[in-house]
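What follows is the content of final00.cif, which has mmCIF, C-alpha atoms and all ligand atoms:
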data_entry
loop_
_atom_site.label_atom_id
_atom_site.label_comp_id
_atom_site.auth_asym_id
_atom_site.auth_seq_id
_atom_site.Cartn_x
_atom_site.Cartn_y
_atom_site.Cartn_z
CA GLU A 33 89.94 102.66 70.11
CA SER A 34 91.20 106.09 71.06
CA THR A 35 87.59 106.97 71.97
CA ARG A 36 87.62 104.04 74.36
CA GLY A 37 90.93 105.17 75.77
CA LYS A 38 89.49 108.63 76.40
CA LEU A 39 86.35 107.11 77.86
CA ILE A 40 88.34 105.10 80.39
CA GLU A 41 90.39 108.16 81.23
CA LEU A 42 87.27 110.25 81.89
CA LEU A 43 85.77 107.56 84.11
CA ALA A 44 89.03 106.71 85.87
CA LYS A 45 89.63 110.37 86.76
CA GLU A 46 86.34 110.52 88.63
CA GLU A 47 87.14 107.36 90.59
CA ASP A 48 83.99 106.45 92.59
CA ASN A 49 81.88 109.33 91.29
CA PHE A 50 79.44 108.88 88.46
CA VAL A 51 79.95 110.62 85.14
CA SER A 52 76.75 111.44 83.28
CA GLY A 53 76.06 109.95 79.87
CA GLN A 54 75.46 113.49 78.64
CA LYS A 55 78.91 114.65 79.72
CA LEU A 56 80.59 111.60 78.20
CA SER A 57 78.74 112.06 74.95
CA GLU A 58 79.79 115.72 74.77
CA GLN A 59 83.41 115.18 75.71
CA LEU A 60 83.87 112.26 73.35
CA ASP A 61 81.73 113.81 70.65
CA ILE A 62 79.66 110.67 70.16
CA SER A 63 75.94 109.91 70.62
CA ARG A 64 74.58 108.57 73.90
CA PRO A 65 73.70 105.18 72.38
CA ALA A 66 77.33 105.04 71.20
CA VAL A 67 78.48 105.69 74.78
CA TRP A 68 76.30 102.78 75.88
CA LYS A 69 77.79 100.54 73.19
CA HIS A 70 81.32 101.37 74.35
CA MET A 71 80.34 100.46 77.92
CA LYS A 72 79.23 97.03 76.72
CA GLU A 73 82.56 96.57 74.97
CA LEU A 74 84.45 97.51 78.11
CA GLU A 75 82.48 94.92 80.07
CA LYS A 76 83.59 92.31 77.56
CA ASP A 77 87.17 93.28 78.35
CA GLY A 78 86.64 92.65 82.02
CA TYR A 79 85.65 96.09 83.30
CA VAL A 80 82.75 96.14 85.73
CA ILE A 81 80.70 99.26 85.03
CA GLU A 82 77.80 100.50 87.09
CA ALA A 83 75.12 102.41 85.23
CA ALA A 84 72.65 104.37 87.38
CA PRO A 85 69.64 106.29 86.06
CA ARG A 86 70.16 110.07 86.10
CA LYS A 87 73.64 109.68 87.58
CA GLY A 88 75.54 108.07 84.76
CA TYR A 89 78.39 105.61 84.78
CA ARG A 90 81.31 104.65 86.95
CA ILE A 91 83.94 101.94 86.95
CA VAL A 92 83.46 99.47 89.79
CA SER A 93 86.49 97.38 88.97
CA TYR A 94 89.21 97.15 86.40
CA PRO A 95 90.14 94.05 84.43
CA ASP A 96 92.87 91.96 85.91
CA LYS A 97 94.11 90.81 82.57
CA VAL A 98 97.32 92.40 81.35
CA SER A 99 97.07 93.39 77.70
CA MET A 100 98.13 96.30 75.55
CA ASN A 101 94.68 97.85 76.01
CA THR A 102 94.29 97.38 79.75
CA VAL A 103 97.72 98.88 80.38
CA GLN A 104 97.34 101.77 77.96
CA TRP A 105 93.81 102.75 78.95
CA GLY A 106 94.05 105.51 81.45
CA LEU A 107 97.84 105.52 81.34
CA SER A 108 98.84 109.13 81.83
CA THR A 109 102.34 109.10 80.32
CA SER A 110 103.33 111.12 77.29
CA TRP A 111 106.13 108.96 75.88
CA LEU A 112 106.63 105.88 78.02
CA GLY A 113 104.50 102.93 76.97
CA GLN A 114 102.81 104.78 74.14
CA ARG A 115 104.04 101.83 72.15
CA LEU A 116 103.50 98.68 74.15
CA ILE A 117 103.95 95.06 73.19
CA HIS A 118 102.33 92.41 75.35
CA LYS A 119 102.98 88.69 74.92
CA ALA A 120 101.63 85.71 76.80
CA SER A 121 104.91 83.83 76.80
CA VAL A 122 108.43 84.72 75.70
CA THR A 123 111.94 83.45 76.38
CA SER A 124 112.97 86.86 77.72
CA THR A 125 111.48 90.32 77.27
CA GLN A 126 115.10 91.55 77.03
CA LEU A 127 115.57 89.54 73.88
CA ILE A 128 112.40 90.90 72.26
CA ALA A 129 113.39 94.41 73.29
CA HIS A 130 116.81 94.08 71.62
CA GLN A 131 115.17 92.87 68.42
CA GLU A 132 112.65 95.71 68.49
CA ALA A 133 115.33 98.29 69.26
CA GLN A 134 117.51 97.06 66.41
CA ALA A 135 114.50 97.33 64.13
CA GLY A 136 114.16 100.98 65.16
CA ALA A 137 111.65 100.92 68.02
CA GLU A 138 111.13 104.35 69.49
CA HIS A 139 112.27 105.69 72.88
CA GLY A 140 109.85 104.52 75.54
CA THR A 141 108.70 101.30 73.86
CA VAL A 142 107.64 98.76 76.50
CA ILE A 143 107.60 94.97 76.25
CA ILE A 144 105.64 92.98 78.83
CA ALA A 145 105.12 89.24 79.11
CA ASP A 146 102.92 87.11 81.36
CA GLU A 147 105.65 84.51 81.49
CA GLN A 148 109.33 84.14 80.59
CA THR A 149 110.77 80.73 79.95
CA LYS A 150 114.37 82.01 79.98
CA GLY A 151 114.20 85.11 82.11
CA ARG A 152 117.68 86.39 82.74
CA GLY A 153 119.47 88.10 85.58
CA ARG A 154 122.93 89.62 85.60
CA LEU A 155 126.07 87.66 84.76
CA ASN A 156 124.10 84.94 83.01
CA ARG A 157 122.08 84.11 86.08
CA SER A 158 118.47 83.14 85.54
CA TRP A 159 115.36 84.94 86.70
CA HIS A 160 112.27 82.91 87.60
CA SER A 161 109.31 84.50 85.88
CA TYR A 162 106.13 82.65 86.73
CA LYS A 163 103.06 83.02 84.60
CA GLY A 164 100.86 85.89 85.71
CA GLU A 165 102.49 86.19 89.12
CA GLY A 166 104.83 89.05 88.49
CA ILE A 167 105.74 91.90 86.17
CA TRP A 168 108.32 90.95 83.57
CA MET A 169 108.98 94.05 81.57
CA SER A 170 111.64 95.69 79.40
CA ILE A 171 111.80 99.34 78.45
CA ILE A 172 113.68 100.65 75.40
CA LEU A 173 115.38 103.98 76.03
CA ARG A 174 117.26 106.13 73.57
CA PRO A 175 119.00 108.62 75.81
CA THR A 176 121.09 111.50 74.50
CA PHE A 177 123.65 111.37 77.31
CA GLU A 178 127.09 109.77 77.08
CA PRO A 179 127.50 106.01 77.64
CA HIS A 180 129.35 106.41 80.96
CA ARG A 181 126.19 107.79 82.53
CA SER A 182 124.11 104.72 81.80
CA PRO A 183 124.66 103.08 85.22
CA GLN A 184 122.65 106.01 86.54
CA ILE A 185 119.64 104.58 84.69
CA THR A 186 119.87 101.39 86.75
CA LEU A 187 119.90 103.44 89.94
CA LEU A 188 117.05 105.56 88.68
CA ALA A 189 114.99 102.45 87.96
CA ALA A 190 115.68 101.10 91.44
CA THR A 191 114.50 104.33 93.06
CA VAL A 192 111.36 104.31 90.93
CA LEU A 193 110.46 100.81 92.09
CA ALA A 194 111.27 101.70 95.70
CA GLU A 195 109.10 104.80 95.48
CA VAL A 196 106.17 102.88 93.97
CA PHE A 197 106.45 100.08 96.54
CA LYS A 198 106.39 102.65 99.30
CA THR A 199 103.63 104.95 98.11
CA TYR A 200 101.43 102.60 96.09
CA VAL A 201 101.94 99.23 97.77
CA GLY A 202 102.68 100.51 101.27
CA ILE A 203 105.90 98.70 102.11
CA LYS A 204 109.28 100.31 102.58
CA PRO A 205 111.86 98.40 100.58
CA GLN A 206 115.61 98.78 100.61
CA ILE A 207 117.89 99.04 97.61
CA LYS A 208 120.93 96.82 97.74
CA TRP A 209 123.61 98.40 95.61
CA PRO A 210 123.36 98.69 92.82
CA ASN A 211 119.90 97.49 91.97
CA ASP A 212 118.18 94.82 94.02
CA LEU A 213 114.97 95.68 95.80
CA LEU A 214 114.77 93.95 99.17
CA THR A 215 112.51 93.63 102.16
CA ASN A 216 113.89 91.91 105.22
CA GLY A 217 116.90 90.93 103.19
CA LYS A 218 114.80 89.10 100.60
CA LYS A 219 114.69 90.00 96.94
CA LEU A 220 111.41 91.47 95.70
CA ALA A 221 112.60 92.75 92.37
CA GLY A 222 115.66 92.87 90.16
CA ILE A 223 116.86 95.20 87.44
CA LEU A 224 118.97 94.37 84.42
CA THR A 225 120.33 97.19 82.26
CA GLU A 226 121.78 96.30 78.88
CA LEU A 227 123.53 98.88 76.78
CA GLN A 228 124.16 99.11 73.07
CA ALA A 229 126.64 101.91 72.59
CA GLU A 230 129.49 103.35 70.59
CA GLU A 231 132.40 105.16 72.17
CA ASP A 232 130.65 108.46 72.67
CA ARG A 233 127.03 107.71 72.09
CA VAL A 234 124.30 105.38 73.33
CA ASN A 235 122.35 103.66 70.59
CA TYR A 236 119.82 102.31 73.04
CA ILE A 237 119.36 100.90 76.50
CA VAL A 238 117.18 97.93 77.31
CA LEU A 239 116.08 98.27 80.89
CA GLY A 240 114.61 95.07 82.31
CA MET A 241 112.59 94.91 85.50
CA GLY A 242 111.42 91.76 87.17
CA ILE A 243 108.97 92.28 90.02
CA ASN A 244 107.58 89.50 92.20
CA VAL A 245 103.96 90.42 92.80
CA ASN A 246 101.50 87.64 93.56
CA GLN A 247 103.64 84.59 94.25
CA PRO A 248 102.94 82.65 97.42
CA SER A 249 106.27 81.52 98.87
CA SER A 250 105.56 77.95 97.73
CA SER A 251 105.74 79.21 94.16
CA PHE A 252 109.50 79.82 94.30
CA PRO A 253 111.84 76.89 93.77
CA GLU A 254 113.40 75.68 96.97
CA ASP A 255 116.83 77.13 96.34
CA ILE A 256 115.52 80.69 96.16
CA GLN A 257 112.61 80.44 98.61
CA ARG A 258 114.73 81.71 101.48
CA LYS A 259 116.04 84.68 99.55
CA ALA A 260 113.03 85.73 97.47
CA SER A 261 109.82 87.45 98.42
CA SER A 262 106.82 88.95 96.67
CA LEU A 263 104.59 91.94 97.33
CA LYS A 264 101.83 89.50 98.25
CA ILE A 265 103.99 87.72 100.81
CA GLU A 266 104.86 91.11 102.32
CA THR A 267 101.38 92.64 102.38
CA GLY A 268 99.18 89.56 102.59
CA GLU A 269 97.16 90.78 99.65
CA SER A 270 97.04 90.11 95.94
CA LEU A 271 97.71 93.09 93.76
CA GLU A 272 96.25 93.90 90.40
CA LEU A 273 99.11 93.83 87.89
CA THR A 274 97.80 96.42 85.42
CA GLY A 275 97.41 99.09 88.10
CA LEU A 276 100.92 98.47 89.33
CA ILE A 277 102.39 98.54 85.81
CA LYS A 278 100.72 101.90 85.12
CA GLU A 279 102.01 103.33 88.38
CA ILE A 280 105.55 102.19 87.58
CA LEU A 281 105.45 103.62 84.05
CA GLN A 282 104.02 106.93 85.23
CA THR A 283 106.54 107.30 88.03
CA PHE A 284 109.40 106.24 85.77
CA GLU A 285 108.51 108.84 83.14
CA LYS A 286 108.29 111.57 85.75
CA ARG A 287 111.64 110.68 87.30
CA TYR A 288 113.35 110.21 83.94
CA ASN A 289 112.20 113.67 82.83
CA GLU A 290 113.44 115.09 86.11
CA PHE A 291 116.77 113.32 85.56
CA ASN A 292 117.09 114.97 82.13
CA GLU A 293 116.27 118.40 83.48
CA GLU A 294 118.04 118.40 86.84
CA GLY A 295 120.67 115.72 86.51
CA PHE A 296 121.42 112.84 88.84
CA ARG A 297 121.33 114.67 92.18
CA PRO A 298 117.62 114.16 93.05
CA ILE A 299 117.89 110.49 92.10
CA LYS A 300 121.00 110.05 94.23
CA LEU A 301 119.26 111.53 97.27
CA ARG A 302 116.23 109.35 96.76
CA TRP A 303 118.42 106.28 96.25
CA GLU A 304 120.24 106.97 99.49
CA ALA A 305 116.96 107.27 101.38
CA PHE A 306 116.37 103.60 100.53
CA GLY A 307 119.97 102.38 100.66
CA TYR A 308 120.50 98.93 102.18
CA ARG A 309 122.91 98.85 105.14
CA LEU A 310 123.78 102.51 104.66
CA GLY A 311 126.07 103.70 107.43
CA GLU A 312 126.91 100.12 108.43
CA MET A 313 130.19 98.22 108.35
CA VAL A 314 130.32 95.37 105.89
CA PRO A 315 133.05 92.97 104.83
CA ILE A 316 134.27 93.72 101.33
CA GLN A 317 136.38 91.71 98.95
CA THR A 318 138.21 93.58 96.20
CA TYR A 319 140.75 91.68 94.10
CA GLN A 320 142.92 89.83 96.60
CA LYS A 321 142.13 92.06 99.52
CA GLU A 322 139.50 91.62 102.19
CA TRP A 323 138.61 94.60 104.32
CA ASN A 324 135.81 96.18 106.30
CA GLY A 325 134.15 99.30 105.05
CA ARG A 326 131.34 101.58 106.04
CA ILE A 327 128.76 102.14 103.31
CA MET A 328 128.30 105.89 102.89
CA GLY A 329 126.17 106.30 99.78
CA ILE A 330 126.60 106.51 96.04
CA GLU A 331 128.63 108.71 93.72
CA ASP A 332 127.29 110.63 90.76
CA ASP A 333 128.63 107.96 88.44
CA GLY A 334 126.75 105.26 90.30
CA ALA A 335 129.75 103.92 92.22
CA LEU A 336 129.32 102.85 95.82
CA ARG A 337 131.00 105.20 98.32
CA VAL A 338 132.70 103.30 101.13
CA LEU A 339 134.87 104.51 104.01
CA ASP A 340 137.79 102.19 104.76
CA ASP A 341 139.35 101.62 108.18
CA LYS A 342 141.89 104.42 107.58
CA GLY A 343 139.05 106.87 107.09
CA GLN A 344 139.71 107.07 103.34
CA GLU A 345 136.83 107.19 100.92
CA GLN A 346 136.83 104.46 98.32
CA LYS A 347 134.74 104.20 95.19
CA LEU A 348 133.57 100.71 94.35
CA TYR A 349 132.34 99.79 90.94
CA SER A 350 132.12 96.10 91.40
CA ALA A 351 133.08 94.24 94.48
CA GLU A 352 132.12 91.20 96.33
CA ILE A 353 130.28 92.59 99.31
CA GLN A 354 129.26 90.25 102.09
CA TRP A 355 125.92 91.79 102.71
CA GLY A 356 125.30 89.92 105.89
CA LYS A 357 123.67 86.88 107.33
CA ASP A 358 120.17 87.94 106.39
CA TYR A 359 121.07 88.27 102.76
CA VAL A 360 122.01 85.29 100.66
CA GLN A 361 123.63 86.08 97.32
P1 LIG B 401 120.47 89.12 89.50
O1 LIG B 401 121.56 88.45 88.75
O2 LIG B 401 120.82 90.20 90.46
O3 LIG B 401 119.61 88.07 90.29
C1 LIG B 401 119.48 86.75 89.85
C2 LIG B 401 119.49 85.85 91.07
O4 LIG B 401 118.35 86.10 91.89
C3 LIG B 401 119.40 84.38 90.69
O5 LIG B 401 120.67 83.82 90.60
C4 LIG B 401 118.60 83.77 91.83
O6 LIG B 401 119.43 83.44 92.91
C5 LIG B 401 117.71 84.90 92.29
N1 LIG B 401 116.39 84.86 91.64
C6 LIG B 401 116.02 84.31 90.47
N2 LIG B 401 114.74 84.54 90.21
C7 LIG B 401 114.26 85.28 91.23
C8 LIG B 401 113.00 85.84 91.54
N3 LIG B 401 111.94 85.74 90.75
N4 LIG B 401 112.91 86.53 92.71
C9 LIG B 401 113.95 86.68 93.53
N5 LIG B 401 115.15 86.17 93.30
C10 LIG B 401 115.32 85.48 92.15
C11 LIG B 401 118.49 90.59 88.69
O7 LIG B 401 119.50 89.71 88.39
C12 LIG B 401 117.88 91.14 87.41
C13 LIG B 401 116.63 90.42 87.02
C14 LIG B 401 115.95 91.08 85.86
C15 LIG B 401 114.74 90.32 85.40
C16 LIG B 401 113.98 91.05 84.33
S1 LIG B 401 112.42 90.38 84.05
C17 LIG B 401 112.22 91.30 82.63
C18 LIG B 401 113.57 91.29 81.93
N6 LIG B 401 113.69 90.14 81.08
C19 LIG B 401 114.67 89.32 81.50
O8 LIG B 401 114.99 88.25 80.95
N7 LIG B 401 115.25 89.85 82.59
C20 LIG B 401 114.65 91.10 82.96
#

Any chance you could give the structure as structure tokens?
Ligand code: BTX
Amino acid sequence: ESTRGKLIELLAKEEDNFVSGQKLSEQLDISRPAVWKHMKELEKDGYVIEAAPRKGYRIVSYPDKVSMNTVQWGLSTSWLGQRLIHKASVTSTQLIAHQEAQAGAEHGTVIIADEQTKGRGRLNRSWHSYKGEGIWMSIILRPTFEPHRSPQITLLAATVLAEVFKTYVGIKPQIKWPNDLLTNGKKLAGILTELQAEEDRVNYIVLGMGINVNQPSSSFPEDIQRKASSLKIETGESLELTGLIKEILQTFEKRYNEFNEEGFRPIKLRWEAFGYRLGEMVPIQTYQKEWNGRIMGIEDDGALRVLDDKGQEQKLYSAEIQWGKDYVQ
């Protein structure tokens, strides 16, 4: 199986170019008939391989099916997703992730499901997770930082999704504080961070991401149709889930490593580049008070930085913000 992984990697790296059977046989240290046999196996898994005399092999298309193998093949991470659990149907990938984490699952373990029957959002809200139409994924992290820094992970995850949507999918999303990914005020993706910690130490974090990918708008129930969108609705094209999952995992690992080495600053700047209604006045409700504030950015601890009408800076941790007519809570 690791030979097959390496084989995919060698072919994937060359993209549209052919790789000779000779080269593959040398690099994998297997005979040429064995290379041929592996190609036949890959075809069974849904890869379309072109074999040309004297030129060699190339991948014409990748399988659409999400599975442990199709995600891990060619995945260029060093710790994220090296252990990956894929299930056809679960109640919630968060739940599985908690069970796995409590049983000792390593940092970077990923749980992905085609469908969730009880997908959850924040504050006990539910998350619609249609079969095969989106990415429903939880990542187990075992960070060494102190618990109070964990909200930064939510912000980091939001910037990773924004970055991937922009560079890989080609749409520029906005991040509604703290963690919703929007286009035109509609929710494309949500993030749910759950923490298991002691006073001064994080046992683990389960980071859940729900990404609407291939839903047509008719797929959403009526009550969320006007506030939800998918990458397909935005681009007009279906996207291959495995490719997108790999891109997210690779970008996440890179940004997480950067976060460990350089701290929160680069993440903060990137977050602010995507910030929803940044610089604008919005009505805010804190405790009994209603006031207007200008959204300025985020603090190092993940709080929202808002300027009140006296020109004072306020830090908001949780507040009812009336995001505007185009956004429905
Ligand atoms: P949230 O509480 O910010 O958003 C939930 C709200 O969003 C719902 O009340 C509903 O109005 C709306 N909504 C529900 N489903 C969708 C959808 N598919 N698209 C757009 N809007 C929707 C956000 O919570 C965090 C969601 C995390 C989901 C992931 S999926 C993998 C992991 N497993 C799991 O159970 N949850 C996480």

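Distances to Glu254 (chain A) were evaluated for A:Arg174, A:His160, A:Lys300, A:Arg36 using all atoms listed in the file, and the minimum falls at A:His160.
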
Residues near Pro248 (chain A), cut-off 12 Å, all atoms listed in the file, skip fewer than 3 positions along chain, as a count of residues only: 20

Residue nearest ligand LIG 401 (chain B) - candidates A:Val338, A:Leu273, A:Ile128, A:Ile91, atoms counted: all atoms listed in the file: A:Ile128

Protein and nucleic residues near ligand LIG 401 (chain B), 9 Å, all atoms listed in the file, as number ranges by chain: A: 123-129, 143-145, 148-162, 166-171, 211-212, 218-225, 238-244, 252-253, 255-257, 259-262, 360-361

Only C-alpha atoms, please: the residues just picked out, written as a PDB file, keeping the file's coordinate frame.
ATOM      1  CA  THR A 123     111.940  83.450  76.380  1.00  0.00           C
ATOM      2  CA  SER A 124     112.970  86.860  77.720  1.00  0.00           C
ATOM      3  CA  THR A 125     111.480  90.320  77.270  1.00  0.00           C
ATOM      4  CA  GLN A 126     115.100  91.550  77.030  1.00  0.00           C
ATOM      5  CA  LEU A 127     115.570  89.540  73.880  1.00  0.00           C
ATOM      6  CA  ILE A 128     112.400  90.900  72.260  1.00  0.00           C
ATOM      7  CA  ALA A 129     113.390  94.410  73.290  1.00  0.00           C
ATOM      8  CA  ILE A 143     107.600  94.970  76.250  1.00  0.00           C
ATOM      9  CA  ILE A 144     105.640  92.980  78.830  1.00  0.00           C
ATOM     10  CA  ALA A 145     105.120  89.240  79.110  1.00  0.00           C
ATOM     11  CA  GLN A 148     109.330  84.140  80.590  1.00  0.00           C
ATOM     12  CA  THR A 149     110.770  80.730  79.950  1.00  0.00           C
ATOM     13  CA  LYS A 150     114.370  82.010  79.980  1.00  0.00           C
ATOM     14  CA  GLY A 151     114.200  85.110  82.110  1.00  0.00           C
ATOM     15  CA  ARG A 152     117.680  86.390  82.740  1.00  0.00           C
ATOM     16  CA  GLY A 153     119.470  88.100  85.580  1.00  0.00           C
ATOM     17  CA  ARG A 154     122.930  89.620  85.600  1.00  0.00           C
ATOM     18  CA  LEU A 155     126.070  87.660  84.760  1.00  0.00           C
ATOM     19  CA  ASN A 156     124.100  84.940  83.010  1.00  0.00           C
ATOM     20  CA  ARG A 157     122.080  84.110  86.080  1.00  0.00           C
ATOM     21  CA  SER A 158     118.470  83.140  85.540  1.00  0.00           C
ATOM     22  CA  TRP A 159     115.360  84.940  86.700  1.00  0.00           C
ATOM     23  CA  HIS A 160     112.270  82.910  87.600  1.00  0.00           C
ATOM     24  CA  SER A 161     109.310  84.500  85.880  1.00  0.00           C
ATOM     25  CA  TYR A 162     106.130  82.650  86.730  1.00  0.00           C
ATOM     26  CA  GLY A 166     104.830  89.050  88.490  1.00  0.00           C
ATOM     27  CA  ILE A 167     105.740  91.900  86.170  1.00  0.00           C
ATOM     28  CA  TRP A 168     108.320  90.950  83.570  1.00  0.00           C
ATOM     29  CA  MET A 169     108.980  94.050  81.570  1.00  0.00           C
ATOM     30  CA  SER A 170     111.640  95.690  79.400  1.00  0.00           C
ATOM     31  CA  ILE A 171     111.800  99.340  78.450  1.00  0.00           C
ATOM     32  CA  ASN A 211     119.900  97.490  91.970  1.00  0.00           C
ATOM     33  CA  ASP A 212     118.180  94.820  94.020  1.00  0.00           C
ATOM     34  CA  LYS A 218     114.800  89.100 100.600  1.00  0.00           C
ATOM     35  CA  LYS A 219     114.690  90.000  96.940  1.00  0.00           C
ATOM     36  CA  LEU A 220     111.410  91.470  95.700  1.00  0.00           C
ATOM     37  CA  ALA A 221     112.600  92.750  92.370  1.00  0.00           C
ATOM     38  CA  GLY A 222     115.660  92.870  90.160  1.00  0.00           C
ATOM     39  CA  ILE A 223     116.860  95.200  87.440  1.00  0.00           C
ATOM     40  CA  LEU A 224     118.970  94.370  84.420  1.00  0.00           C
ATOM     41  CA  THR A 225     120.330  97.190  82.260  1.00  0.00           C
ATOM     42  CA  VAL A 238     117.180  97.930  77.310  1.00  0.00           C
ATOM     43  CA  LEU A 239     116.080  98.270  80.890  1.00  0.00           C
ATOM     44  CA  GLY A 240     114.610  95.070  82.310  1.00  0.00           C
ATOM     45  CA  MET A 241     112.590  94.910  85.500  1.00  0.00           C
ATOM     46  CA  GLY A 242     111.420  91.760  87.170  1.00  0.00           C
ATOM     47  CA  ILE A 243     108.970  92.280  90.020  1.00  0.00           C
ATOM     48  CA  ASN A 244     107.580  89.500  92.200  1.00  0.00           C
ATOM     49  CA  PHE A 252     109.500  79.820  94.300  1.00  0.00           C
ATOM     50  CA  PRO A 253     111.840  76.890  93.770  1.00  0.00           C
ATOM     51  CA  ASP A 255     116.830  77.130  96.340  1.00  0.00           C
ATOM     52  CA  ILE A 256     115.520  80.690  96.160  1.00  0.00           C
ATOM     53  CA  GLN A 257     112.610  80.440  98.610  1.00  0.00           C
ATOM     54  CA  LYS A 259     116.040  84.680  99.550  1.00  0.00           C
ATOM     55  CA  ALA A 260     113.030  85.730  97.470  1.00  0.00           C
ATOM     56  CA  SER A 261     109.820  87.450  98.420  1.00  0.00           C
ATOM     57  CA  SER A 262     106.820  88.950  96.670  1.00  0.00           C
ATOM     58  CA  VAL A 360     122.010  85.290 100.660  1.00  0.00           C
ATOM     59  CA  GLN A 361     123.630  86.080  97.320  1.00  0.00           C
TER      60      GLN A 361
END

Which residues come within 9 Å of Trp105 (chain A), counting only C-alpha atoms, excluding same-chain residues fewer than 3 positions away, as a compact mmCIF listing (two decimals) with C-alpha atoms, keeping the file's coordinate frame?
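Below you can see part-v5.txt, which holds the result:
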# COMPACT_ATOMS: atom_id res chain seq x y z
CA SER A 34 91.20 106.09 71.06
CA ARG A 36 87.62 104.04 74.36
CA GLY A 37 90.93 105.17 75.77
CA LYS A 38 89.49 108.63 76.40
CA LEU A 39 86.35 107.11 77.86
CA ILE A 40 88.34 105.10 80.39
CA GLU A 41 90.39 108.16 81.23
CA MET A 100 98.13 96.30 75.55
CA ASN A 101 94.68 97.85 76.01
CA THR A 102 94.29 97.38 79.75
CA SER A 108 98.84 109.13 81.83

Pick from A:Pro85, A:Gln346, A:Ile280, A:Leu74, whichever lies nearest to Gly53 (chain A) using all atoms listed in the file: A:Pro85

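Ranking A:Ile299, A:Leu112, A:Ala189, A:Ile353 by their shortest atom-to-atom distance to Asn324 (chain A), with all atoms listed in the file included, puts A:Ile353 first.
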
Interatomic distance, CA of Gln282 (chain A) to CA of Thr109 (chain A) (Å, one decimal): 5.6 Å

Between CA of Ile117 (chain A) and CA of Glu138 (chain A) - distance in Å to one decimal: 12.3 Å

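Closest to Ile172 (chain A) among A:Glu226, A:Ile237, A:Val192, A:Tyr200 is A:Ile237, based on all atoms listed in the file.
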
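Residue nearest Gly295 (chain A) within the list A:Lys342, A:Arg181, A:Lys278, A:Lys198: A:Arg181 [criterion: smallest interatomic distance, all atoms listed in the file].
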
Lys321 (chain A) surroundings by all atoms listed in the file, 12 Å radius, close-in-sequence under 5 positions cut, as JSON, numbers by chain: {"A": [315, 316, 351, 352, 353]}

File dump, residues just selected, C-alpha atoms, as a JSON list (two decimals), in the coordinates of the input:
[["chain", "number", "residue", "atom", "x", "y", "z"],
["A", 315, "PRO", "CA", 133.05, 92.97, 104.83],
["A", 316, "ILE", "CA", 134.27, 93.72, 101.33],
["A", 351, "ALA", "CA", 133.08, 94.24, 94.48],
["A", 352, "GLU", "CA", 132.12, 91.20, 96.33],
["A", 353, "ILE", "CA", 130.28, 92.59, 99.31]]

Let me have the centre and edge lengths of the axis-aligned box enclosing all listed atoms of region 227-242 of chain A with 5 Å padding on every side, in Å to one decimal, as lines of an AutoDock Vina configuration file.
center_x = 121.9
center_y = 100.1
center_z = 78.9
size_x = 31.0
size_y = 26.7
size_z = 26.6

Which polymer residues, protein or nucleic acid, are no farther than 9 Å from (89.8, 90.0, 77.8), counting all atoms listed in the file, as an mmCIF file with C-alpha atoms, in the frame of the given file?
data_model
loop_
_atom_site.group_PDB
_atom_site.id
_atom_site.type_symbol
_atom_site.label_atom_id
_atom_site.label_comp_id
_atom_site.auth_asym_id
_atom_site.auth_seq_id
_atom_site.Cartn_x
_atom_site.Cartn_y
_atom_site.Cartn_z
ATOM 1 C CA LYS A 76 83.590 92.310 77.560
ATOM 2 C CA ASP A 77 87.170 93.280 78.350
ATOM 3 C CA GLY A 78 86.640 92.650 82.020
ATOM 4 C CA PRO A 95 90.140 94.050 84.430
ATOM 5 C CA ASP A 96 92.870 91.960 85.910
ATOM 6 C CA LYS A 97 94.110 90.810 82.570
ATOM 7 C CA VAL A 98 97.320 92.400 81.350
ATOM 8 C CA SER A 99 97.070 93.390 77.700
ATOM 9 C CA THR A 102 94.290 97.380 79.750
#

Answer as a ChimeraX atom specification, residues within 7 Å of (124.1, 98.1, 89.0) using only C-alpha atoms: /A:183,186-187,209-211

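Atom to atom, CA of Ala335 (chain A) and CA of Ser350 (chain A) stand 8.2 Å apart.
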